[in-house]
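Some notes on the structure that comes next.
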Amino acid sequence: MGIAVYNAVPMILHDGQREHRFTLKLSPATESFRLESGMIKRSIFIGKRMFNRLFQFVRNEYGYTLGRIQYDDDQMTKGSAITEQHDQFRFTINEQDGIEVMLENEAVPLKKVSATIPLRYENETEKKAHLRALIPSVLAALILTREMQPAL
């Protein structure tokens with residue numbers, strides 16, 4: 001049995017009303033991450049992008065698909081995401097003091113969600129791993145937060 005090595009990163013999800021704090025534990029070797037916040041402790045797997053590297057599936061530890069992500073560009077900084085409940089979002093990633101993700105609900109454009117993650121990578125490989133896991137982790141956090149508080 002192998003040992004999983006995680007790179008823990010704090011993530012703050014702002015849903016417009018509340019701030020939800022998560023710990024994002026990245027495992028680039030398995031293209032997975034662990035999302036933890038209070039009672040929430042879930043393992044999430046980033047699905048294979050098949051022939052199109054700009055396309056991802058997000059699954060939980062039981063194999064249930066949580067959503068799909070389509071990137072608009074090779075830098076993986078813009079795109080769209082859809083949950084299995086058919087919520088559709090547009091997202092953008094901005095890199096400044098930390099990494100900020102803005103999610104805009106396509107059905108209600110005024111309802112925006114943001115997530116911030118500090119810059120914590122030491123080389124280009126770690127940076128790519130963070131960016132590959134960033135949108136799946138924010139989407140999973142949003143879905144799990146909604147399960148706990150359906151009004152979001």
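Note on naming: chains are A, B, ... as they come in the structure tokens, residues start from 1 per chain, ligands start from 1 in the order shown.
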
* Might you pull out every residue within 10 Å of Pro118 in chain A, with only C-alpha atoms counted and same-chain residues fewer than 6 positions away left off, and present them as a list in words? => Val9, Pro10, Met11, Ile12, Glu95, Gln96, Asp97, Gly98, Ile99 and Glu100 of chain A

Leaving out Leu54 in chain A and any residue of its chain fewer than 3 positions from it, which residues lie within 8 Å of it when counting only C-alpha atoms, given as an mmCIF file with all heavy atoms, in the first residue's frame?
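Written output follows (around.cif):
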data_model
loop_
_atom_site.group_PDB
_atom_site.id
_atom_site.type_symbol
_atom_site.label_atom_id
_atom_site.label_comp_id
_atom_site.auth_asym_id
_atom_site.auth_seq_id
_atom_site.Cartn_x
_atom_site.Cartn_y
_atom_site.Cartn_z
ATOM 1 N N ARG A 49 -9.144 13.745 -19.177
ATOM 2 C CA ARG A 49 -9.609 14.723 -20.145
ATOM 3 C C ARG A 49 -9.733 14.133 -21.542
ATOM 4 O O ARG A 49 -9.966 14.844 -22.484
ATOM 5 C CB ARG A 49 -8.671 15.931 -20.111
ATOM 6 C CG ARG A 49 -8.765 16.667 -18.795
ATOM 7 C CD ARG A 49 -7.729 17.738 -18.661
ATOM 8 N NE ARG A 49 -6.366 17.245 -18.570
ATOM 9 C CZ ARG A 49 -5.804 16.732 -17.484
ATOM 10 N NH1 ARG A 49 -6.496 16.600 -16.384
ATOM 11 N NH2 ARG A 49 -4.556 16.330 -17.479
ATOM 12 N N GLN A 70 -15.203 22.813 -18.810
ATOM 13 C CA GLN A 70 -14.665 23.059 -20.141
ATOM 14 C C GLN A 70 -13.880 24.358 -20.095
ATOM 15 O O GLN A 70 -14.438 25.409 -19.758
ATOM 16 C CB GLN A 70 -15.781 23.164 -21.183
ATOM 17 C CG GLN A 70 -15.307 23.483 -22.577
ATOM 18 C CD GLN A 70 -14.601 22.322 -23.239
ATOM 19 O OE1 GLN A 70 -15.068 21.199 -23.179
ATOM 20 N NE2 GLN A 70 -13.473 22.579 -23.869
ATOM 21 N N TYR A 71 -12.587 24.301 -20.400
ATOM 22 C CA TYR A 71 -11.742 25.496 -20.392
ATOM 23 C C TYR A 71 -11.775 26.146 -21.764
ATOM 24 O O TYR A 71 -11.821 25.467 -22.787
ATOM 25 C CB TYR A 71 -10.301 25.129 -20.019
ATOM 26 C CG TYR A 71 -10.188 24.628 -18.607
ATOM 27 C CD1 TYR A 71 -10.235 23.269 -18.323
ATOM 28 C CD2 TYR A 71 -10.052 25.512 -17.545
ATOM 29 C CE1 TYR A 71 -10.153 22.809 -17.024
ATOM 30 C CE2 TYR A 71 -9.961 25.058 -16.244
ATOM 31 C CZ TYR A 71 -10.009 23.708 -15.988
ATOM 32 O OH TYR A 71 -9.936 23.244 -14.703
ATOM 33 N N ASP A 72 -11.723 27.479 -21.785
ATOM 34 C CA ASP A 72 -11.739 28.225 -23.037
ATOM 35 C C ASP A 72 -10.358 28.411 -23.642
ATOM 36 O O ASP A 72 -10.239 28.713 -24.823
ATOM 37 C CB ASP A 72 -12.356 29.619 -22.831
ATOM 38 C CG ASP A 72 -13.847 29.551 -22.544
ATOM 39 O OD1 ASP A 72 -14.466 28.498 -22.748
ATOM 40 O OD2 ASP A 72 -14.388 30.586 -22.087
ATOM 41 N N ASP A 73 -9.305 28.296 -22.808
ATOM 42 C CA ASP A 73 -7.965 28.575 -23.311
ATOM 43 C C ASP A 73 -6.938 27.597 -22.733
ATOM 44 O O ASP A 73 -7.207 26.896 -21.767
ATOM 45 C CB ASP A 73 -7.554 30.020 -22.999
ATOM 46 C CG ASP A 73 -7.597 30.349 -21.506
ATOM 47 O OD1 ASP A 73 -7.784 29.437 -20.684
ATOM 48 O OD2 ASP A 73 -7.438 31.531 -21.173
ATOM 49 N N ASP A 74 -5.782 27.545 -23.361
ATOM 50 C CA ASP A 74 -4.712 26.644 -22.929
ATOM 51 C C ASP A 74 -4.153 26.996 -21.555
ATOM 52 O O ASP A 74 -3.582 26.151 -20.889
ATOM 53 C CB ASP A 74 -3.563 26.646 -23.937
ATOM 54 C CG ASP A 74 -3.924 25.916 -25.221
ATOM 55 O OD1 ASP A 74 -4.869 25.096 -25.193
ATOM 56 O OD2 ASP A 74 -3.271 26.171 -26.247
ATOM 57 N N MET A 76 -5.906 27.676 -19.039
ATOM 58 C CA MET A 76 -6.898 27.176 -18.093
ATOM 59 C C MET A 76 -7.324 28.270 -17.110
ATOM 60 O O MET A 76 -7.457 28.034 -15.916
ATOM 61 C CB MET A 76 -6.365 25.946 -17.352
ATOM 62 C CG MET A 76 -6.017 24.811 -18.293
ATOM 63 S SD MET A 76 -5.191 23.434 -17.504
ATOM 64 C CE MET A 76 -6.605 22.504 -16.933
#

* Select, from A:His86, A:Arg68, A:Leu119, A:Glu147, the residue with the minimum atom-to-atom distance to Ile135 in chain A, counting only C-alpha atoms. => A:Arg68

* **Per-residue DSSP, range 15-133 of chain A, filtered to strand (DSSP E), as a ChimeraX atom specification** => /A:19-27,32-37,40-46,55-60,65-71,78-83,88-95,98-105,112-118

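Within 12 Å of Tyr62 in chain A, once only C-alpha atoms are used and residues closer than 6 positions along the same chain are dropped, the contacting residues are Arg42, Ser43, Ile44 and Phe45 of chain A.
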
* Quick one: residues within 12 Å of range 16-24 of chain A, only C-alpha atoms counted, chain neighbours fewer than 4 positions away excluded, as a ChimeraX atom specification? -> /A:6-12,32-44,102-104,110-118,120,130,133-138,140-142,144-146,148-149,151-152

* Computed interatomic separation between CA of Tyr121 in chain A and CA of Leu13 in chain A (Å) -> 20.1 Å

Shell around Leu66 in chain A at 8 Å using only C-alpha atoms, local window under 6 positions removed, as a PDB file with N, CA, C and O atoms, in the first residue's frame:
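This went into selection06.pdb:
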ATOM      1  N   PHE A  57     -13.786  15.959 -15.902  1.00  0.00           N
ATOM      2  CA  PHE A  57     -14.888  15.481 -15.082  1.00  0.00           C
ATOM      3  C   PHE A  57     -14.440  15.584 -13.637  1.00  0.00           C
ATOM      4  O   PHE A  57     -13.264  15.413 -13.330  1.00  0.00           O
ATOM      5  N   VAL A  58     -15.364  15.828 -12.744  1.00  0.00           N
ATOM      6  CA  VAL A  58     -15.056  15.865 -11.317  1.00  0.00           C
ATOM      7  C   VAL A  58     -15.926  14.806 -10.657  1.00  0.00           C
ATOM      8  O   VAL A  58     -17.153  14.846 -10.787  1.00  0.00           O
ATOM      9  N   ARG A  59     -15.276  13.850  -9.967  1.00  0.00           N
ATOM     10  CA  ARG A  59     -16.001  12.751  -9.309  1.00  0.00           C
ATOM     11  C   ARG A  59     -15.630  12.692  -7.837  1.00  0.00           C
ATOM     12  O   ARG A  59     -14.511  13.020  -7.461  1.00  0.00           O
ATOM     13  N   ASN A  60     -16.583  12.203  -7.024  1.00  0.00           N
ATOM     14  CA  ASN A  60     -16.255  12.018  -5.614  1.00  0.00           C
ATOM     15  C   ASN A  60     -15.639  10.631  -5.406  1.00  0.00           C
ATOM     16  O   ASN A  60     -15.434   9.882  -6.366  1.00  0.00           O
ATOM     17  N   THR A  83     -22.837  21.544 -13.102  1.00  0.00           N
ATOM     18  CA  THR A  83     -22.979  20.521 -12.076  1.00  0.00           C
ATOM     19  C   THR A  83     -23.944  19.453 -12.579  1.00  0.00           C
ATOM     20  O   THR A  83     -24.656  19.665 -13.566  1.00  0.00           O
ATOM     21  N   GLU A  84     -23.998  18.352 -11.878  1.00  0.00           N
ATOM     22  CA  GLU A  84     -24.939  17.295 -12.246  1.00  0.00           C
ATOM     23  C   GLU A  84     -26.386  17.721 -11.998  1.00  0.00           C
ATOM     24  O   GLU A  84     -27.300  17.109 -12.515  1.00  0.00           O
ATOM     25  N   ALA A 140     -16.385  21.656  -6.518  1.00  0.00           N
ATOM     26  CA  ALA A 140     -16.734  20.660  -5.495  1.00  0.00           C
ATOM     27  C   ALA A 140     -17.093  21.342  -4.175  1.00  0.00           C
ATOM     28  O   ALA A 140     -18.069  20.950  -3.518  1.00  0.00           O
ATOM     29  N   ILE A 143     -20.590  22.788  -4.489  1.00  0.00           N
ATOM     30  CA  ILE A 143     -21.601  21.727  -4.448  1.00  0.00           C
ATOM     31  C   ILE A 143     -21.774  21.209  -3.025  1.00  0.00           C
ATOM     32  O   ILE A 143     -22.901  21.052  -2.539  1.00  0.00           O
TER      33      ILE A 143
END

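Of the residues in range 32-145 of chain A, those given alpha helix (DSSP H) by DSSP on the backbone are Glu124, Thr125, Glu126, Lys127, Lys128, Ala129, His130, Leu131, Arg132, Ala133, Leu134, Ile135, Pro136, Ser137, Val138, Leu139, Ala140, Ala141, Leu142, Ile143, Leu144 and Thr145 of chain A.
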
* **Contact residues around Asp87 in chain A with only C-alpha atoms at 8 Å, ignoring same-chain residues under 5 positions, as number ranges by chain** => A: 82, 105-107

* List the neighbours of Glu31 in chain A out to 10 Å using only C-alpha atoms; skip same-chain residues closer than 4 positions along the sequence, and give me the result as an MDAnalysis selection string. => chainID A and resid 26:27 44:48 129 132:133

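Between CA of Glu122 in chain A and CA of Arg90 in chain A there is a distance of 28.9 Å.
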
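Taking CA of Gly67 in chain A as the reference point, CA of Phe89 in chain A is found at 10.8 Å.
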
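Shortest atom-to-atom contact with Gln85 in chain A among A:Val101, A:Gln56, A:Thr65, A:Thr30: A:Thr65, counting only C-alpha atoms.
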